[in-house]
Amino acid sequence: MLDAGKPSRTALGVAIRRATHQLYDAEPRVLDDPIAVPLLRKTYGAKLDEAAGTFNERSSLGMRAWMVSRSRFAEDKLAEAVRRGAEQYVLLGAGLDTFAHRNPHAGVRVFEVDHPATQAWKRWLVAESGLPEVDDVQYVPVDFERQSLAAELEAGGLDGSKPTMFAWLGVVLYLTHPAFRGTLDWISGFPEGSGVVMDYALPRHALPEEELEGRDLLSARVASIGEPFQLFFTPEEMGAELAAFQEIEDVDTNEINARYLANRTDRLSLGGKGGRMVCAWR
């Protein structure tokens with residue numbers, strides 16, 4: 001559980017990897033994000049410089065490939081949602097996401113949802129870095145232990161009658177099942193043309209033996225900073241969770257590599273079978 005009053009340390013790790021992608025990986029970028037480095041440079045410049053020494057290590061390559069591919073997948077699905085009529089984009093667990101600062105979709109309003117401490121930190125970094133505030137974004141701080149996500153988003157201006165795309169990246173793994181189920185049930189009540197995109201992880205028993213040690217090390221690391229893994233699904237289990245949705249696209253690491261990481265001149269690629277991405281449509 002995230003400590004009250006403390007921003008998410010995993011959110012910083014994700015942001016550093018997105019920025020490292022801009023600095024050190026070959027073009028074309030999987031995720032072209034000109035805001036990622038400026039957001040961090042003034043406050044976390046030393047960490048960006050440190051990444052130069054490890055960015056080509058296998059573990060660093062795989063983690064960075066995952067972070068930028070899942071953001072690219074979500075933004076591709078948002079573009080599809082806009083073609084289907086979506087007018088709102090909700091980032092659940094937004095962390096240090098930069099999409100609102102580079103939103104190419106005129107008329108699409110962005111809602112960033114996160115723990116109050118993490119969101120205050122993100123807004124402080126935006127101001128500290130000299131980046132301009134974005135007009136068409138609504139920040140919605142939510143303490144999920146004490147407040148209703150639906151009520152806080154409604155109070156923040158989200159219109160439940162409009163087609164809406166939800167991005168739920170890097171979050172599901174840290175939830176309890178009741179919290180996951182409650183949020184998914186609420187999303188499934190949005191009108192036709194709405195959708196949700198998220199990543200999830202296979203349970204330990206579904207992993208190849210050669211991936212068990214890596215999973216255990218990562219699990220121990222995130223638990224040590226107070227943000228333990230809690231929730232895992234097989235593809236069949238995820239399909240059952242998404243029964244209220246009409247279209248489901250569930251992709252594994254092989255498909256992600258083929259879609260976003262093929263024919264690169266650097267070594268950026270995904271290894272292993274443990275992570276998946278899914279998009280479900282109303």
# chains A, B, ... in the order shown; residues from 1 in each chain; ligands from 1

$ residues_around --residues "A:Ala280" --least-positions-apart "2" --cutoff "6 Å" --atoms "only C-alpha atoms" --output "PyMOL selection string"
chain A and resi 195-196+247-248

$ residues_around --residues "stretch 218-235 of chain A" --least-positions-apart "6" --cutoff "9 Å" --atoms "only C-alpha atoms" --output "short mmCIF file (atom, residue, chain, number, x, y, z; two decimals) with C-alpha atoms, in the first residue's frame"
data_model
loop_
_atom_site.label_atom_id
_atom_site.label_comp_id
_atom_site.auth_asym_id
_atom_site.auth_seq_id
_atom_site.Cartn_x
_atom_site.Cartn_y
_atom_site.Cartn_z
CA MET A 1 0.00 0.00 0.00
CA LEU A 2 1.24 3.49 -0.85
CA ASP A 3 2.23 5.35 2.31
CA SER A 8 4.94 6.67 -5.64
CA ARG A 9 8.55 5.54 -6.11
CA THR A 10 7.53 3.15 -8.87
CA VAL A 172 -3.69 -3.68 -11.80
CA LEU A 173 -0.76 -5.64 -10.36
CA TYR A 174 -0.90 -3.58 -7.14
CA LEU A 175 -4.66 -3.83 -6.52
CA THR A 176 -6.83 -6.11 -4.44
CA HIS A 177 -9.36 -8.05 -6.46
CA PHE A 180 -10.09 -4.09 -9.46
CA TYR A 200 -1.47 -7.34 -16.31
CA ALA A 201 0.86 -10.08 -15.18
CA LEU A 202 0.60 -13.85 -15.26
CA PRO A 203 0.55 -15.66 -11.92
CA ARG A 204 3.73 -17.37 -10.81
CA ALA A 206 1.85 -19.86 -15.23
CA ASP A 250 -5.25 -9.45 -25.42
CA ARG A 276 0.39 -8.94 -21.22
#

$ residues_around --residues "A:Leu61" --least-positions-apart "3" --cutoff "10 Å" --atoms "only C-alpha atoms" --output "list in words"
Arg17, His21, Asp25, Thr54, Phe55, Asn56, Glu57, Arg58, Arg64, Ala65, Trp66, Asp266, Arg267, Leu268, Ser269, Leu270 and Gly271 of chain A

$ select_by_dssp --residues "stretch 34-276 of chain A" --states "strand (DSSP E or B)" --output "number ranges by chain"
A: 88-92, 109-114, 137-141, 164-168, 195-201, 247-251, 275-276

$ write_last_selection --atoms "C-alpha atoms" --output "PDB file, in the first residue's frame"
ATOM      1  CA  GLN A  88     -12.676  11.880 -22.713  1.00  0.00           C
ATOM      2  CA  TYR A  89      -9.447  10.105 -21.727  1.00  0.00           C
ATOM      3  CA  VAL A  90      -8.982   9.003 -18.128  1.00  0.00           C
ATOM      4  CA  LEU A  91      -5.536   8.012 -16.880  1.00  0.00           C
ATOM      5  CA  LEU A  92      -6.013   5.874 -13.774  1.00  0.00           C
ATOM      6  CA  ARG A 109     -10.375  16.168 -22.429  1.00  0.00           C
ATOM      7  CA  VAL A 110      -7.788  14.389 -20.279  1.00  0.00           C
ATOM      8  CA  PHE A 111      -8.398  13.412 -16.646  1.00  0.00           C
ATOM      9  CA  GLU A 112      -5.401  12.406 -14.550  1.00  0.00           C
ATOM     10  CA  VAL A 113      -6.264  10.346 -11.480  1.00  0.00           C
ATOM     11  CA  ASP A 114      -3.782   9.448  -8.760  1.00  0.00           C
ATOM     12  CA  VAL A 137      -6.516  18.451 -18.388  1.00  0.00           C
ATOM     13  CA  GLN A 138      -8.330  17.911 -15.103  1.00  0.00           C
ATOM     14  CA  TYR A 139      -6.312  16.627 -12.152  1.00  0.00           C
ATOM     15  CA  VAL A 140      -8.388  14.390  -9.889  1.00  0.00           C
ATOM     16  CA  PRO A 141      -6.654  13.399  -6.636  1.00  0.00           C
ATOM     17  CA  THR A 164     -14.612   7.563 -22.721  1.00  0.00           C
ATOM     18  CA  MET A 165     -11.268   5.772 -22.952  1.00  0.00           C
ATOM     19  CA  PHE A 166      -9.593   4.603 -19.750  1.00  0.00           C
ATOM     20  CA  ALA A 167      -5.884   3.804 -19.434  1.00  0.00           C
ATOM     21  CA  TRP A 168      -4.947   1.686 -16.441  1.00  0.00           C
ATOM     22  CA  GLY A 195     -12.949   1.244 -23.699  1.00  0.00           C
ATOM     23  CA  VAL A 196     -10.248   0.368 -21.238  1.00  0.00           C
ATOM     24  CA  VAL A 197      -6.614  -0.526 -21.856  1.00  0.00           C
ATOM     25  CA  MET A 198      -4.443  -2.082 -19.178  1.00  0.00           C
ATOM     26  CA  ASP A 199      -1.481  -4.324 -18.571  1.00  0.00           C
ATOM     27  CA  TYR A 200      -1.475  -7.335 -16.307  1.00  0.00           C
ATOM     28  CA  ALA A 201       0.858 -10.080 -15.179  1.00  0.00           C
ATOM     29  CA  GLU A 247     -14.485  -6.701 -28.014  1.00  0.00           C
ATOM     30  CA  ILE A 248     -11.291  -7.861 -26.346  1.00  0.00           C
ATOM     31  CA  GLU A 249      -7.737  -7.693 -27.692  1.00  0.00           C
ATOM     32  CA  ASP A 250      -5.251  -9.452 -25.416  1.00  0.00           C
ATOM     33  CA  VAL A 251      -1.641  -9.465 -26.618  1.00  0.00           C
ATOM     34  CA  GLY A 275       3.403  -9.489 -18.990  1.00  0.00           C
ATOM     35  CA  ARG A 276       0.392  -8.937 -21.223  1.00  0.00           C
TER      36      ARG A 276
END

$ atom_distance --atom1 "atom CA of A:His115" --atom2 "atom CA of A:Gly95"
8.7 Å

$ atom_distance --atom1 "atom CA of A:Ser161" --atom2 "atom CA of A:Gly107"
15.9 Å

$ residues_around --residues "A:Ala36" --least-positions-apart "5" --cutoff "12 Å" --atoms "only C-alpha atoms" --output "ChimeraX atom specification"
/A:12,14-23,31,41-42,44-45,48,68,96-102,125-126,129,131

$ write_last_selection --atoms "C-alpha atoms" --output "PDB file, in the first residue's frame"
ATOM      1  CA  LEU A  12       9.495   7.751 -10.755  1.00  0.00           C
ATOM      2  CA  VAL A  14       8.638   4.417 -14.940  1.00  0.00           C
ATOM      3  CA  ALA A  15       9.257   8.079 -15.802  1.00  0.00           C
ATOM      4  CA  ILE A  16      13.037   7.623 -15.758  1.00  0.00           C
ATOM      5  CA  ARG A  17      12.751   4.714 -18.179  1.00  0.00           C
ATOM      6  CA  ARG A  18      10.540   6.715 -20.549  1.00  0.00           C
ATOM      7  CA  ALA A  19      13.075   9.555 -20.431  1.00  0.00           C
ATOM      8  CA  THR A  20      15.995   7.154 -20.912  1.00  0.00           C
ATOM      9  CA  HIS A  21      14.281   5.914 -24.066  1.00  0.00           C
ATOM     10  CA  GLN A  22      14.352   9.446 -25.481  1.00  0.00           C
ATOM     11  CA  LEU A  23      18.011   9.962 -24.542  1.00  0.00           C
ATOM     12  CA  LEU A  31       7.136   6.336 -27.787  1.00  0.00           C
ATOM     13  CA  ARG A  41      15.964  17.013 -15.796  1.00  0.00           C
ATOM     14  CA  LYS A  42      16.069  19.747 -13.152  1.00  0.00           C
ATOM     15  CA  TYR A  44      16.304  14.105 -11.236  1.00  0.00           C
ATOM     16  CA  GLY A  45      19.078  14.893 -13.708  1.00  0.00           C
ATOM     17  CA  LEU A  48      19.061  10.317 -15.887  1.00  0.00           C
ATOM     18  CA  VAL A  68       7.384   2.467 -23.553  1.00  0.00           C
ATOM     19  CA  LEU A  96       4.264  11.132 -14.161  1.00  0.00           C
ATOM     20  CA  ASP A  97       2.535  10.476 -17.480  1.00  0.00           C
ATOM     21  CA  THR A  98       3.087  13.269 -20.010  1.00  0.00           C
ATOM     22  CA  PHE A  99       0.297  12.614 -22.504  1.00  0.00           C
ATOM     23  CA  ALA A 100      -1.738  15.671 -21.510  1.00  0.00           C
ATOM     24  CA  HIS A 101       1.213  17.882 -22.522  1.00  0.00           C
ATOM     25  CA  ARG A 102       1.363  16.418 -26.039  1.00  0.00           C
ATOM     26  CA  LEU A 125       7.637  18.804 -11.070  1.00  0.00           C
ATOM     27  CA  VAL A 126       5.725  20.397 -13.959  1.00  0.00           C
ATOM     28  CA  SER A 129      10.664  22.194 -14.793  1.00  0.00           C
ATOM     29  CA  LEU A 131       6.645  23.351 -18.428  1.00  0.00           C
TER      30      LEU A 131
END

$ select_by_dssp --residues "stretch 10-212 of chain A" --states "helix (DSSP H, G or I)" --output "count of residues only"
103
